[in-house]
4 protein chains.
Amino acid sequence: MSKDTRWQTALTSIAPNKILVRGYPLDEMMGRLTFGEAAYLLLMGELPSPAIGRMFDAILVSSLDHGVTPPSTLAARNVATTGAPLKDSVSAGVLAFGPHHGGDIESCMRYLDSGLSLMRSGRTLQQAAETLVEESIRANDIPPGFGHRIHSKDPRAARLFQMALELELEGEHVRLLRAIEQVIGSKSAIFGRPLPVNVDGAIAAVTADLGFAYELGNAVFLISRLPGLIAHAHEERMRQPAMRQIDPKDHDYDGARERRLPERRK
Amino acid sequence: MSKDTRWQTALTSIAPNKILVRGYPLDEMMGRLTFGEAAYLLLMGELPSPAIGRMFDAILVSSLDHGVTPPSTLAARNVATTGAPLKDSVSAGVLAFGPHHGGDIESCMRYLDSGLSLMRSGRTLQQAAETLVEESIRANDIPPGFGHRIHSKDPRAARLFQMALELELEGEHVRLLRAIEQVIGSKSAIFGRPLPVNVDGAIAAVTADLGFAYELGNAVFLISRLPGLIAHAHEERMRQPAMRQIDPKDHDYDGARERRLPERRK
Amino acid sequence: MSKDTRWQTALTSIAPNKILVRGYPLDEMMGRLTFGEAAYLLLMGELPSPAIGRMFDAILVSSLDHGVTPPSTLAARNVATTGAPLKDSVSAGVLAFGPHHGGDIESCMRYLDSGLSLMRSGRTLQQAAETLVEESIRANDIPPGFGHRIHSKDPRAARLFQMALELELEGEHVRLLRAIEQVIGSKSAIFGRPLPVNVDGAIAAVTADLGFAYELGNAVFLISRLPGLIAHAHEERMRQPAMRQIDPKDHDYDGARERRLPERRK
Amino acid sequence: MSKDTRWQTALTSIAPNKILVRGYPLDEMMGRLTFGEAAYLLLMGELPSPAIGRMFDAILVSSLDHGVTPPSTLAARNVATTGAPLKDSVSAGVLAFGPHHGGDIESCMRYLDSGLSLMRSGRTLQQAAETLVEESIRANDIPPGFGHRIHSKDPRAARLFQMALELELEGEHVRLLRAIEQVIGSKSAIFGRPLPVNVDGAIAAVTADLGFAYELGNAVFLISRLPGLIAHAHEERMRQPAMRQIDPKDHDYDGARERRLPERRK
């Protein structure tokens, strides 16, 4: 076979008894890197600093689960109720991360970058934020990364911003997102309802500041949500009859009561 | 709507501005738990001890990626080459974790439990291991969790066993698996080729010792492999022409050279 | 590359400007075979007789759609509501054809074959049917292919049996299924509710009489259900707001009133 | 539950022992409509005329299978080799019908409609065709629906056009596509290679003339390709060892020799 039909990969090299991920022995990574740090290495090509590693693990934790009502969870549970293997439920759940559900991360990254272009052309942060919001209003769109069905102040977004500040990882995307939040707040009469920054917006800004490609911003969300899809599919099979009609409204929570992390975890 | 049509969930409770996963505020978990620890909490219902948390992160790291040749990677790349969204590649890759590819974890957990039943009926560890191997030989089966296309000694399995020992998490499933490994080694003439314990077998034994349900043993593998599926789908789109015919043999590795983790990570 | 690494396929051969499916030019098939006949050729290797072709088209029509409540439809709609591409909805719907939803066809084919084995060992049709039903009762199982959430007499099953009779395609699987139906009817007190033969059972018996492999019995159902999945995903996107919570109970039918096929179609 | 939370569907109504698809009893449709005619009814809302029914069946036959090399087939086979259920292979194959593989149908429908808009604004057919091709050349794009890896004259496209003509179903989309084909042929020096109209282009033009929505143009292709995905996944499991590395180039065809349809089918 001629040389020119060969293709290249830069991710992982496999030889007998030796697996190198981005050059590092996989067995050496085990126990020394968290899964978040190892995933960052694989996706970005280099080890994260300790601060970035901690930030990335926090991003992955942020979307771990959002209860039974999101369409992704319902798609996974509807597959589970037919007796299909767990991986089939997970796969159907992943397919539900469409443009309106997780895909918002990529849209928000692009939105912020269009604002940063304005700044490179001479606008101030404030002017860029105002221009973006005005464009959304003219197009009759909700700015991507803003608004939530349930939360008026998304606790996950607040925590991500706080961590970015404390870990000195706040960059121009986060600053622009927060400026946009201010502008939107001053125009709530126009939008007709409060539009707080949501967890998708916060992930978009923080991952963009970390240098993630648009497509990988969404991918981070997929990793984050996987344990939730698994937990719901498993619970469906363990606790519910097969072939039931799943109504997203008629459910009650019967799990552990509210509790706090032990001190050693803080 | 009558009370009896309602259904229950014990995973996550959602109220305005408050998300509790297994009772813990999600925003409080961020930055305080690794993603591995948080996923363990969601799947198992309680926080892991620090030792279990570290073990679980290591399990997730163990199957991060295995290069371009597994069918799951090829399924993901074949979807990526058509221009489909990244989540579609991931979904197709997840579907390829069938009985022969990842599903081995569940089979091995069941195999080990049948051996533990023998021990509860009075057999010794050694007798149970011999009985299981003899049954596999009679059925003309490779014992689940053993053998590898490429590795004669799977470095990931060795590392998981070492960590289980050091963290004092080694239990009866790991001990039985290792006894089976000895028995198989003494009968390599019968099997016709070396059958080292593989990473699936090691994950099966360690997660079984941690108390995971069979179905969730496989699920751990799904979480672990997701960054690899994402990285391959993304690389396919970034580096290769669309609609190419992907030959799993004609590739070269052109990534980072072998390197070691910095001292602070050890 | 050595000869022995090559692999074989017997389905379709492709050469420039010539596509042969099972040896027949695809362009010659167009307009001369119905899609049902062409699909039969591809799956079974030979052209169907006109009677078999008509039977196979009827089987495909039988499961075209079953309204909004099946889990497959709900999985497809939950993906559609997120703005994902139509093929993603279809894919999620296909994943929901698990063991309890369509998979019943394969189970019923195996069940009938175990009864035919009894007959080859000397039992009469009646004895075989009684043995099978007694085994199901002992195992506390509903016999596969029987019972329906909504229908007490499944009109699709009745029509398939009538056509098999008229087209002289009724074979031993259909006869055994009908004998089982009689036995079950005589024991309705034991089962506690009527258990009519359902469309899955009828498809299982008829496709088994046509010589389909177990796995392909289910596959026929997949083909049949695809237009329904597509129609529901499309309707969801055209008529409903994005990201809605889909309740399978709160819907009304607002389509065409009951009507009859024109005479020329009868 | 208040009236306003209810939602509507116009596809299928289900009552005990009565299933109406677009108002027609499903059991009455069986044996009287081909699967193609029944699928057309479900998707479009009304029965097709006999000519349209025959055309639609031919469209479905046109993409039945295209051998082992398309990415969709390879995705399905890579899932099959892991021992996963057949529906999982089908689902992965469906996911591979991305923008470059099947999605071309939708692109071509939009392309033709932009040309028809030019005509409604006063351009002639010839001028509209020239404008479209010039725009593609300026954008350095291959016009959607043109060009094929293997075929210099796609026999399926030719047959679809012939049938549209004979059945008097040729409309403005087909006429514009053929005019574009002429223009492209006169500029083959610019494109650097022959760009015959392909089967995607022909399906796009014919389904657009039949009044299909863009999204449903692609959907027709999904239905058409399903038997091929099923046949390949089934063949993979029946004839090949599990967990093999599937090379799309190293295969031979060992099926039926070229043969002709019997006279009664012509």
# chains A, B, ... in the order shown; residues from 1 in each chain; ligands from 1

$ select_by_dssp --residues "stretch 6-246 of chain A" --states "strand (DSSP E or B)" --output "count of residues only"
17

$ select_by_dssp --residues "stretch 37-256 of chain B" --states "alpha helix (DSSP H)" --output "MDAnalysis selection string"
chainID B and resid 37:44 50:62 71:80 86:95 104:120 125:138 155:166 172:186 188:191 199:209 214:239

$ closest_residue --among "B:Arg156, B:Arg244, B:Arg77, B:Arg193" --to "chain A" --atoms "only C-alpha atoms"
B:Arg156

$ interface_residues --of "chain D" --to "chain B" --cutoff "10 Å" --atoms "only C-alpha atoms" --output "number ranges by chain"
D: 1, 69-85, 87-103, 149, 242-250

$ residues_around --residues "C:Glu130" --least-positions-apart "6" --cutoff "12 Å" --atoms "only C-alpha atoms" --output "VMD selection string"
chain C and resid 115 118 to 119 123 to 124 136 to 137 143 176 to 187

$ closest_residue --among "B:Asn198, B:Ser188, B:Gln8, B:Gln126" --to "B:Ile150" --atoms "only C-alpha atoms"
B:Asn198

$ residues_around --residues "B:Ala157" --least-positions-apart "4" --cutoff "12 Å" --atoms "only C-alpha atoms" --output "PyMOL selection string"
(chain A and resi 17+26-28+30) or (chain B and resi 58-59+61-63+145-148+151-153+161-164+174+177-178+181+196-206)

$ atom_distance --atom1 "atom CA of D:Tyr253" --atom2 "atom CA of D:Gly228"
15.3 Å

$ residues_around --residues "D:His234" --least-positions-apart "4" --cutoff "9 Å" --atoms "only C-alpha atoms" --output "ChimeraX atom specification"
/C:43,215-216 /D:77,80,86,229-230,238-239

$ write_last_selection --atoms "C-alpha atoms" --output "mmCIF file, in the first residue's frame"
data_model
loop_
_atom_site.group_PDB
_atom_site.id
_atom_site.type_symbol
_atom_site.label_atom_id
_atom_site.label_comp_id
_atom_site.auth_asym_id
_atom_site.auth_seq_id
_atom_site.Cartn_x
_atom_site.Cartn_y
_atom_site.Cartn_z
ATOM 1 C CA LEU C 43 -32.847 -9.670 2.934
ATOM 2 C CA GLU C 215 -33.020 -11.506 13.965
ATOM 3 C CA LEU C 216 -34.664 -10.530 10.679
ATOM 4 C CA ARG D 77 -20.958 -3.175 10.604
ATOM 5 C CA ALA D 80 -22.479 -5.422 14.594
ATOM 6 C CA LEU D 86 -29.308 -5.496 15.242
ATOM 7 C CA LEU D 229 -28.277 -1.357 6.865
ATOM 8 C CA ILE D 230 -30.151 -4.382 8.197
ATOM 9 C CA MET D 238 -23.570 -14.418 10.198
ATOM 10 C CA ARG D 239 -20.363 -14.545 8.125
#

$ atom_distance --atom1 "atom CA of C:Ala219" --atom2 "atom CA of D:Phe56"
21.7 Å
